[in-house]
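Structure record follows, encoded as structure tokens.
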There are 2 protein chains.
Amino acid sequence: MVKKTIFVFSSLIIALLVLLQLSKYTYMAGDASVELVIALVALTFLVVGFYLKKNNAQTNAIETGEIDFKKIKALGISDREYEVLQHLIKGLSNKEIADALFVSESTIKTHVSSLFVKLDVKRRTQAIQKAKEHQIIDA
Amino acid sequence: MVKKTIFVFSSLIIALLVLLQLSKYTYMAGDASVELVIALVALTFLVVGFYLKKNNAQTNAIETGEIDFKKIKALGISDREYEVLQHLIKGLSNKEIADALFVSESTIKTHVSSLFVKLDVKRRTQAIQKAKEHQIIDA
DNA sequence: AATCGGTTCATACTAAAGTACTAAAATCCT
DNA sequence: AGGATTTTAGTACTTTAGTATGAACCGATT
């Protein structure tokens with residue numbers, strides 16, 4: 001992360017120096033005015049700044065998407081329960097989850113209830129919140 | 001939206017012209033080299049580009065974890081409804097939200113129901129999901 | 001063979017959520 | 001000031017969620 005920053009800024013300085021050399025030649029040859037050179041440099045770095053911020057924003061969004069599988073086991077959540085949890089978080093009702101997993105609604109109720117105990121919550125909306133806090137799901 | 005873009009670019013052009021005038025004086029006075037002026041302009045516009053993208057990301061709110069306030073209005077969600085939504089997402093029950101906002105539970109039910117219509121959902125768990133998709137809340 | 005964890009399902013119940021109205025205030029806007 | 005919107009609140013009802021308990025089944029472990 002720090003390495004990348006150093007690399008980017010080094011590249012920028014080099015790019016700037018190259019531009020300066022080029023501008024010197026064109027200026028001395030009388031092909032272009034100083035104003036035009038400065039305007040081009042400004043435009044270039046405006047675009048570079050835009051691009052850098054864009055990449056920065058993308059990496060920020062990606063880095064938060066890790067799932068802590070160890071914590072799932074640590075909480076004693078079984079495979080099937082986790083499967084139910086994933087559907088629950090999508091916003092499905094018990095009946096809908098039951099249909100999706102080809103089991104009865106009462107089965108889902110059992111899984112959901114034991115999930116609540118393991119997550120130490122009382123409602124499914126709280127379960128969503130806790131799952132997010134524990135990095136158990138892809139937010 | 002378009003007006004803002006025009007305004008921003010007009011400001012940029014004016015800023016550039018001002019910088020050019022300043023650079024002319026300093027260059028002719030021999031106080032600074034052309035290279036330094038160009039470097040300063042480059043740095044300035046790098047920062048401007050960074051800043052512009054940041055604002056752009058806020059309004060679009062796609063990559064970053066920023067809240068899209070415009071979409072809240074676009075969906076017709078009122079201030080109070082949004083307040084209720086925030087508590088709902090925390091995992092609070094209607095009664096708990098009512099106590100937190102010092103109103104009755106039936107009032108919360110009214111707000112929640114109209115939120116569901118505006119978010120086009122049927123359950124509060126779905127509302128949480130939709131709010132996340134619309135970047136209406138801080139996930 | 002007996003035990004344990006996980007999955008399945010049922011019944012019966014209570015609690016919470018959600019819908020569909022109606023309506024009175026408070027606030028905002030011009 | 002007057003109209004529109006927001007916020008508030010109620011009643012009555014249906015649906016979904018959640019709890020408690022018991023029980024059958026299966027695969028792996030000891």
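Order determines the names: the first chain of the structure tokens is A, the second B, and so forth; residues in each chain are numbered 1 upward, and ligands are numbered 1 upward as they are shown.
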
C:DT27: which residues within 9 Å, counting only C-alpha atoms (C1' of nucleotides), same-chain residues fewer than 2 positions away excluded, as a ChimeraX atom specification?
/D:5-7

With only C-alpha atoms (C1' of nucleotides) as the counted atoms, please give the residues lying no more than 9 Å from B:Asn94, apart from itself and same-chain residues fewer than 6 positions off, as a PyMOL selection string.
(chain B and resi 88+105-106+108-109+112) or (chain C and resi 16-17)

Please measure the separation of atom CA of B:Lys73 and atom C1' of C:DC28, giving the value in Å to one decimal.
16.2 Å

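When only C-alpha atoms are used to compute distances to chain A, the closest of the residues B:Glu83, B:Glu133, B:Asp68, B:Asp99 turns out to be B:Glu133.
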
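Within 10 Å of chain C, and using only C-alpha atoms (C1' of nucleotides), the residues found on chain A are Ser78, Asp79, Arg80, Glu81, Val103, Ser104, Glu105, Ser106, Thr107, Ile108, Thr110, His111 and Arg123 of chain A.
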
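Atom pair atom CA of A:Asp138 / atom CA of B:Ile128: separated by 14.1 Å.
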
Given only C-alpha atoms (C1' of nucleotides), how would the per-residue table for chain D near chain A read, listing every residue at most 10 Å away with its closest atom pair and distance in Å to one decimal, sorted by chain and number, as a tab-separated table?
```
residue	atom	partner	partner_atom	distance
D:DT16	C1'	A:Ser93	CA	8.0
D:DA17	C1'	A:Asn94	CA	8.3
D:DG18	C1'	A:Ser113	CA	7.3
D:DT19	C1'	A:Ser113	CA	8.3
```

Could the residues in this selection be saved with all heavy atoms as a PDB file, in the first residue's frame?
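Result saved to part.pdb:
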```
ATOM      1  P    DT D  16     -47.612 -14.407   4.967  1.00  0.00           P
ATOM      2  OP1  DT D  16     -47.171 -14.086   3.595  1.00  0.00           O
ATOM      3  OP2  DT D  16     -48.219 -15.719   5.282  1.00  0.00           O
ATOM      4  O5'  DT D  16     -46.367 -14.187   5.947  1.00  0.00           O
ATOM      5  C5'  DT D  16     -45.860 -12.868   6.120  1.00  0.00           C
ATOM      6  C4'  DT D  16     -45.033 -12.801   7.378  1.00  0.00           C
ATOM      7  O4'  DT D  16     -45.875 -12.886   8.545  1.00  0.00           O
ATOM      8  C3'  DT D  16     -43.985 -13.916   7.526  1.00  0.00           C
ATOM      9  O3'  DT D  16     -42.713 -13.304   7.577  1.00  0.00           O
ATOM     10  C2'  DT D  16     -44.397 -14.640   8.820  1.00  0.00           C
ATOM     11  C1'  DT D  16     -45.149 -13.542   9.558  1.00  0.00           C
ATOM     12  N1   DT D  16     -46.123 -13.992  10.599  1.00  0.00           N
ATOM     13  C2   DT D  16     -45.956 -13.552  11.896  1.00  0.00           C
ATOM     14  O2   DT D  16     -45.043 -12.828  12.241  1.00  0.00           O
ATOM     15  N3   DT D  16     -46.905 -13.993  12.786  1.00  0.00           N
ATOM     16  C4   DT D  16     -47.985 -14.812  12.510  1.00  0.00           C
ATOM     17  O4   DT D  16     -48.771 -15.138  13.386  1.00  0.00           O
ATOM     18  C5   DT D  16     -48.106 -15.240  11.132  1.00  0.00           C
ATOM     19  C7   DT D  16     -49.233 -16.138  10.741  1.00  0.00           C
ATOM     20  C6   DT D  16     -47.178 -14.807  10.255  1.00  0.00           C
ATOM     21  P    DA D  17     -41.369 -14.141   7.829  1.00  0.00           P
ATOM     22  OP1  DA D  17     -40.287 -13.412   7.151  1.00  0.00           O
ATOM     23  OP2  DA D  17     -41.604 -15.569   7.533  1.00  0.00           O
ATOM     24  O5'  DA D  17     -41.154 -13.976   9.402  1.00  0.00           O
ATOM     25  C5'  DA D  17     -41.426 -12.717   9.999  1.00  0.00           C
ATOM     26  C4'  DA D  17     -41.087 -12.750  11.469  1.00  0.00           C
ATOM     27  O4'  DA D  17     -42.223 -13.251  12.234  1.00  0.00           O
ATOM     28  C3'  DA D  17     -39.892 -13.620  11.852  1.00  0.00           C
ATOM     29  O3'  DA D  17     -39.127 -12.902  12.793  1.00  0.00           O
ATOM     30  C2'  DA D  17     -40.554 -14.865  12.451  1.00  0.00           C
ATOM     31  C1'  DA D  17     -41.803 -14.296  13.090  1.00  0.00           C
ATOM     32  N9   DA D  17     -42.948 -15.202  13.218  1.00  0.00           N
ATOM     33  C8   DA D  17     -43.544 -15.923  12.228  1.00  0.00           C
ATOM     34  N7   DA D  17     -44.592 -16.623  12.636  1.00  0.00           N
ATOM     35  C5   DA D  17     -44.685 -16.320  13.991  1.00  0.00           C
ATOM     36  C6   DA D  17     -45.582 -16.736  14.996  1.00  0.00           C
ATOM     37  N6   DA D  17     -46.614 -17.560  14.770  1.00  0.00           N
ATOM     38  N1   DA D  17     -45.386 -16.258  16.248  1.00  0.00           N
ATOM     39  C2   DA D  17     -44.355 -15.421  16.467  1.00  0.00           C
ATOM     40  N3   DA D  17     -43.448 -14.962  15.596  1.00  0.00           N
ATOM     41  C4   DA D  17     -43.670 -15.454  14.362  1.00  0.00           C
ATOM     42  P    DG D  18     -37.731 -13.468  13.307  1.00  0.00           P
ATOM     43  OP1  DG D  18     -36.892 -12.314  13.677  1.00  0.00           O
ATOM     44  OP2  DG D  18     -37.243 -14.461  12.329  1.00  0.00           O
ATOM     45  O5'  DG D  18     -38.114 -14.229  14.643  1.00  0.00           O
ATOM     46  C5'  DG D  18     -38.633 -13.469  15.735  1.00  0.00           C
ATOM     47  C4'  DG D  18     -39.065 -14.398  16.849  1.00  0.00           C
ATOM     48  O4'  DG D  18     -40.262 -15.102  16.449  1.00  0.00           O
ATOM     49  C3'  DG D  18     -38.036 -15.485  17.225  1.00  0.00           C
ATOM     50  O3'  DG D  18     -37.717 -15.336  18.597  1.00  0.00           O
ATOM     51  C2'  DG D  18     -38.759 -16.792  16.907  1.00  0.00           C
ATOM     52  C1'  DG D  18     -40.216 -16.384  17.021  1.00  0.00           C
ATOM     53  N9   DG D  18     -41.150 -17.243  16.301  1.00  0.00           N
ATOM     54  C8   DG D  18     -41.141 -17.551  14.953  1.00  0.00           C
ATOM     55  N7   DG D  18     -42.122 -18.348  14.602  1.00  0.00           N
ATOM     56  C5   DG D  18     -42.815 -18.577  15.792  1.00  0.00           C
ATOM     57  C6   DG D  18     -43.973 -19.363  16.028  1.00  0.00           C
ATOM     58  O6   DG D  18     -44.638 -20.031  15.227  1.00  0.00           O
ATOM     59  N1   DG D  18     -44.347 -19.319  17.378  1.00  0.00           N
ATOM     60  C2   DG D  18     -43.688 -18.608  18.355  1.00  0.00           C
ATOM     61  N2   DG D  18     -44.190 -18.694  19.580  1.00  0.00           N
ATOM     62  N3   DG D  18     -42.609 -17.881  18.142  1.00  0.00           N
ATOM     63  C4   DG D  18     -42.232 -17.904  16.844  1.00  0.00           C
ATOM     64  P    DT D  19     -36.818 -16.407  19.361  1.00  0.00           P
ATOM     65  OP1  DT D  19     -36.008 -15.687  20.362  1.00  0.00           O
ATOM     66  OP2  DT D  19     -36.177 -17.288  18.370  1.00  0.00           O
ATOM     67  O5'  DT D  19     -37.911 -17.271  20.133  1.00  0.00           O
ATOM     68  C5'  DT D  19     -38.824 -16.617  21.007  1.00  0.00           C
ATOM     69  C4'  DT D  19     -39.497 -17.646  21.890  1.00  0.00           C
ATOM     70  O4'  DT D  19     -40.497 -18.368  21.126  1.00  0.00           O
ATOM     71  C3'  DT D  19     -38.568 -18.706  22.474  1.00  0.00           C
ATOM     72  O3'  DT D  19     -38.894 -18.901  23.845  1.00  0.00           O
ATOM     73  C2'  DT D  19     -38.852 -19.947  21.622  1.00  0.00           C
ATOM     74  C1'  DT D  19     -40.314 -19.754  21.266  1.00  0.00           C
ATOM     75  N1   DT D  19     -40.766 -20.379  19.992  1.00  0.00           N
ATOM     76  C2   DT D  19     -41.900 -21.140  20.005  1.00  0.00           C
ATOM     77  O2   DT D  19     -42.554 -21.347  20.999  1.00  0.00           O
ATOM     78  N3   DT D  19     -42.255 -21.648  18.777  1.00  0.00           N
ATOM     79  C4   DT D  19     -41.593 -21.489  17.580  1.00  0.00           C
ATOM     80  O4   DT D  19     -42.010 -22.002  16.553  1.00  0.00           O
ATOM     81  C5   DT D  19     -40.403 -20.674  17.642  1.00  0.00           C
ATOM     82  C7   DT D  19     -39.622 -20.445  16.390  1.00  0.00           C
ATOM     83  C6   DT D  19     -40.054 -20.158  18.828  1.00  0.00           C
TER      84       DT D  19
END
```

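Counting only C-alpha atoms, the residue from A:Leu101, A:Ile136, A:Leu92, A:Ile72 that sits nearest to chain B is A:Leu92.
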